$ cat run.pdb   # PDB, C-alpha atoms and all ligand atoms
ATOM      1  CA  MET D   1     -40.390 -21.584 -24.606
ATOM      2  CA  LEU D   2     -40.204 -25.118 -23.215
ATOM      3  CA  LEU D   3     -41.335 -26.485 -26.568
ATOM      4  CA  GLU D   4     -38.655 -24.442 -28.325
ATOM      5  CA  PHE D   5     -36.093 -25.825 -25.847
ATOM      6  CA  GLY D   6     -37.194 -29.367 -26.675
ATOM      7  CA  ARG D   7     -36.960 -28.809 -30.421
ATOM      8  CA  HIS D   8     -33.294 -27.835 -30.433
ATOM      9  CA  GLY D   9     -31.214 -30.587 -32.066
ATOM     10  CA  SER D  10     -28.677 -30.972 -29.272
ATOM     11  CA  ASN D  11     -31.444 -31.230 -26.646
ATOM     12  CA  VAL D  12     -33.214 -33.879 -28.710
ATOM     13  CA  ALA D  13     -29.946 -35.853 -28.910
ATOM     14  CA  LEU D  14     -29.409 -35.550 -25.145
ATOM     15  CA  GLY D  15     -33.021 -36.585 -24.531
ATOM     16  CA  LEU D  16     -32.566 -39.671 -26.675
ATOM     17  CA  LEU D  17     -29.377 -40.590 -24.787
ATOM     18  CA  LEU D  18     -31.250 -40.169 -21.503
ATOM     19  CA  LEU D  19     -34.057 -42.379 -22.805
ATOM     20  CA  VAL D  20     -31.533 -45.099 -23.758
ATOM     21  CA  ALA D  21     -29.958 -44.852 -20.269
ATOM     22  CA  VAL D  22     -33.370 -45.148 -18.564
ATOM     23  CA  VAL D  23     -34.263 -48.185 -20.683
ATOM     24  CA  MET D  24     -30.889 -49.781 -19.865
ATOM     25  CA  VAL D  25     -31.400 -49.178 -16.117
ATOM     26  CA  LEU D  26     -35.009 -50.406 -16.140
ATOM     27  CA  SER D  27     -34.077 -53.544 -18.091
ATOM     28  CA  GLY D  28     -31.241 -54.357 -15.687
ATOM     29  CA  VAL D  29     -28.516 -54.041 -18.333
ATOM     30  CA  TRP D  30     -27.013 -51.076 -16.475
ATOM     31  CA  PRO D  31     -27.091 -51.420 -12.681
ATOM     32  CA  LEU D  32     -28.248 -48.312 -10.831
ATOM     33  CA  HIS D  33     -26.126 -46.976  -7.974
ATOM     34  CA  VAL D  34     -26.819 -43.771  -6.035
ATOM     35  CA  TRP D  35     -23.120 -42.916  -5.863
ATOM     36  CA  LEU D  36     -23.003 -42.875  -9.683
ATOM     37  CA  PHE D  37     -25.642 -40.105  -9.672
ATOM     38  CA  LEU D  38     -23.550 -38.126  -7.189
ATOM     39  CA  LEU D  39     -20.367 -38.704  -9.191
ATOM     40  CA  GLY D  40     -22.136 -37.733 -12.430
ATOM     41  CA  GLY D  41     -23.445 -34.539 -10.822
ATOM     42  CA  LEU D  42     -20.013 -33.570  -9.557
ATOM     43  CA  LEU D  43     -18.371 -34.313 -12.921
ATOM     44  CA  PHE D  44     -21.066 -32.378 -14.768
ATOM     45  CA  PHE D  45     -20.638 -29.235 -12.690
ATOM     46  CA  ALA D  46     -16.831 -29.465 -12.813
ATOM     47  CA  SER D  47     -16.775 -29.929 -16.600
ATOM     48  CA  GLU D  48     -19.457 -27.281 -17.179
ATOM     49  CA  TYR D  49     -17.515 -24.686 -15.192
ATOM     50  CA  THR D  50     -14.139 -25.654 -16.664
ATOM     51  CA  TYR D  51     -15.359 -25.613 -20.286
ATOM     52  CA  HIS D  52     -17.189 -22.339 -19.802
ATOM     53  CA  ARG D  53     -14.373 -20.605 -17.984
ATOM     54  CA  TYR D  54     -11.368 -21.829 -19.997
ATOM     55  CA  ALA D  55     -12.564 -23.055 -23.406
ATOM     56  CA  PHE D  56     -15.614 -20.908 -24.223
ATOM     57  CA  HIS D  57     -13.994 -17.743 -22.825
ATOM     58  CA  ALA D  58     -10.556 -18.389 -24.309
ATOM     59  CA  PRO D  59      -8.996 -15.398 -26.089
ATOM     60  CA  PRO D  60     -10.196 -15.064 -29.700
ATOM     61  CA  VAL D  61      -8.017 -16.896 -32.234
ATOM     62  CA  THR D  62      -8.005 -14.125 -34.818
ATOM     63  CA  ARG D  63      -5.288 -15.607 -37.069
ATOM     64  CA  ILE D  64      -7.421 -18.661 -37.959
ATOM     65  CA  PRO D  65     -10.823 -17.472 -39.290
ATOM     66  CA  PHE D  66     -12.433 -20.906 -38.994
ATOM     67  CA  ILE D  67     -11.553 -21.149 -35.288
ATOM     68  CA  LEU D  68     -12.688 -17.567 -34.669
ATOM     69  CA  LYS D  69     -16.025 -18.278 -36.368
ATOM     70  CA  LEU D  70     -16.381 -21.449 -34.274
ATOM     71  CA  GLN D  71     -15.649 -19.527 -31.079
ATOM     72  CA  HIS D  72     -18.358 -17.017 -31.955
ATOM     73  CA  ARG D  73     -20.921 -19.705 -32.740
ATOM     74  CA  LEU D  74     -20.090 -21.845 -29.695
ATOM     75  CA  HIS D  75     -20.216 -19.105 -27.106
ATOM     76  CA  TYR D  76     -19.235 -15.479 -27.836
ATOM     77  CA  ASP D  77     -22.464 -14.784 -29.746
ATOM     78  CA  HIS D  78     -24.482 -16.150 -26.832
ATOM     79  CA  HIS D  79     -23.154 -13.358 -24.617
ATOM     80  CA  THR D  80     -23.801 -10.803 -27.353
ATOM     81  CA  ASP D  81     -27.451 -11.877 -27.685
ATOM     82  CA  PRO D  82     -28.352 -13.974 -24.595
ATOM     83  CA  ASN D  83     -32.082 -14.140 -25.437
ATOM     84  CA  ARG D  84     -31.552 -16.167 -28.636
ATOM     85  CA  LEU D  85     -32.171 -19.806 -27.734
ATOM     86  CA  ASP D  86     -30.436 -21.055 -30.875
ATOM     87  CA  LEU D  87     -27.203 -19.540 -29.528
ATOM     88  CA  LEU D  88     -27.741 -20.874 -26.008
ATOM     89  CA  PHE D  89     -27.236 -24.531 -26.933
ATOM     90  CA  LEU D  90     -24.279 -26.103 -28.696
ATOM     91  CA  PRO D  91     -24.922 -27.154 -32.290
ATOM     92  CA  LEU D  92     -24.876 -30.882 -32.983
TER      93      LEU D  92
HETATM   94 ZN    ZN C 101     -19.871 -17.451 -21.076
END
$ encode --input "run.pdb" --output "structure tokens"
Amino acid sequence: MLLEFGRHGSNVALGLLLLVAVVMVLSGVWPLHVWLFLLGGLLFFASEYTYHRYAFHAPPVTRIPFILKLQHRLHYDHHTDPNRLDLLFLPL
């Protein structure tokens, strides 16, 4: 399961961004401050909740098929079949 998690395209992209950030911190290009970790954690949880609550659970836009299909792919289908990992993560 962990291997499957690591193979998903969006997780690979996030992993690469994390690797770039670590290299930048270790090389001194990007100074490391503890308060930035705390701020990043707070912003992450606030944005995660807000997106989930208001964007991913917005009422279905049935008059625009493309938007409705996007809503299903981005989140509705995840609640229909929560065990499918490919629906758990956002597509690239
Ligand atoms: Zn949800």
$ residues_near_ligand --input "run.pdb" --ligand "ligand ZN 101 (chain C)" --cutoff "12 Å" --atoms "all atoms listed in the file" --output "PyMOL selection string"
chain D and resi 48-58+71-82+87-89
$ resolve_selection --input "run.pdb" --expression "the PyMOL selection byres (((chain D and resi 9-18) around 8) and not hetatm)" --output "PyMOL selection string"
chain D and resi 5-8+19-22+89-92
$ atom_distance --input "run.pdb" --atom1 "atom CA of Ser47 of chain D" --atom2 "atom CA of Val34 of chain D"
20.1 Å
$ atom_distance --input "run.pdb" --atom1 "atom CA of Leu68 of chain D" --atom2 "atom CA of Phe44 of chain D"
26.2 Å
$ axis_aligned_box --input "run.pdb" --around "segment 17-31 of chain D" --padding-each-side "4 Å" --output "lines of an AutoDock Vina configuration file"
center_x = -31.0
center_y = -47.3
center_z = -18.7
size_x = 16.0
size_y = 22.2
size_z = 20.1
$ atom_distance --input "run.pdb" --atom1 "atom CA of Ala46 of chain D" --atom2 "atom CA of Val23 of chain D"
26.8 Å
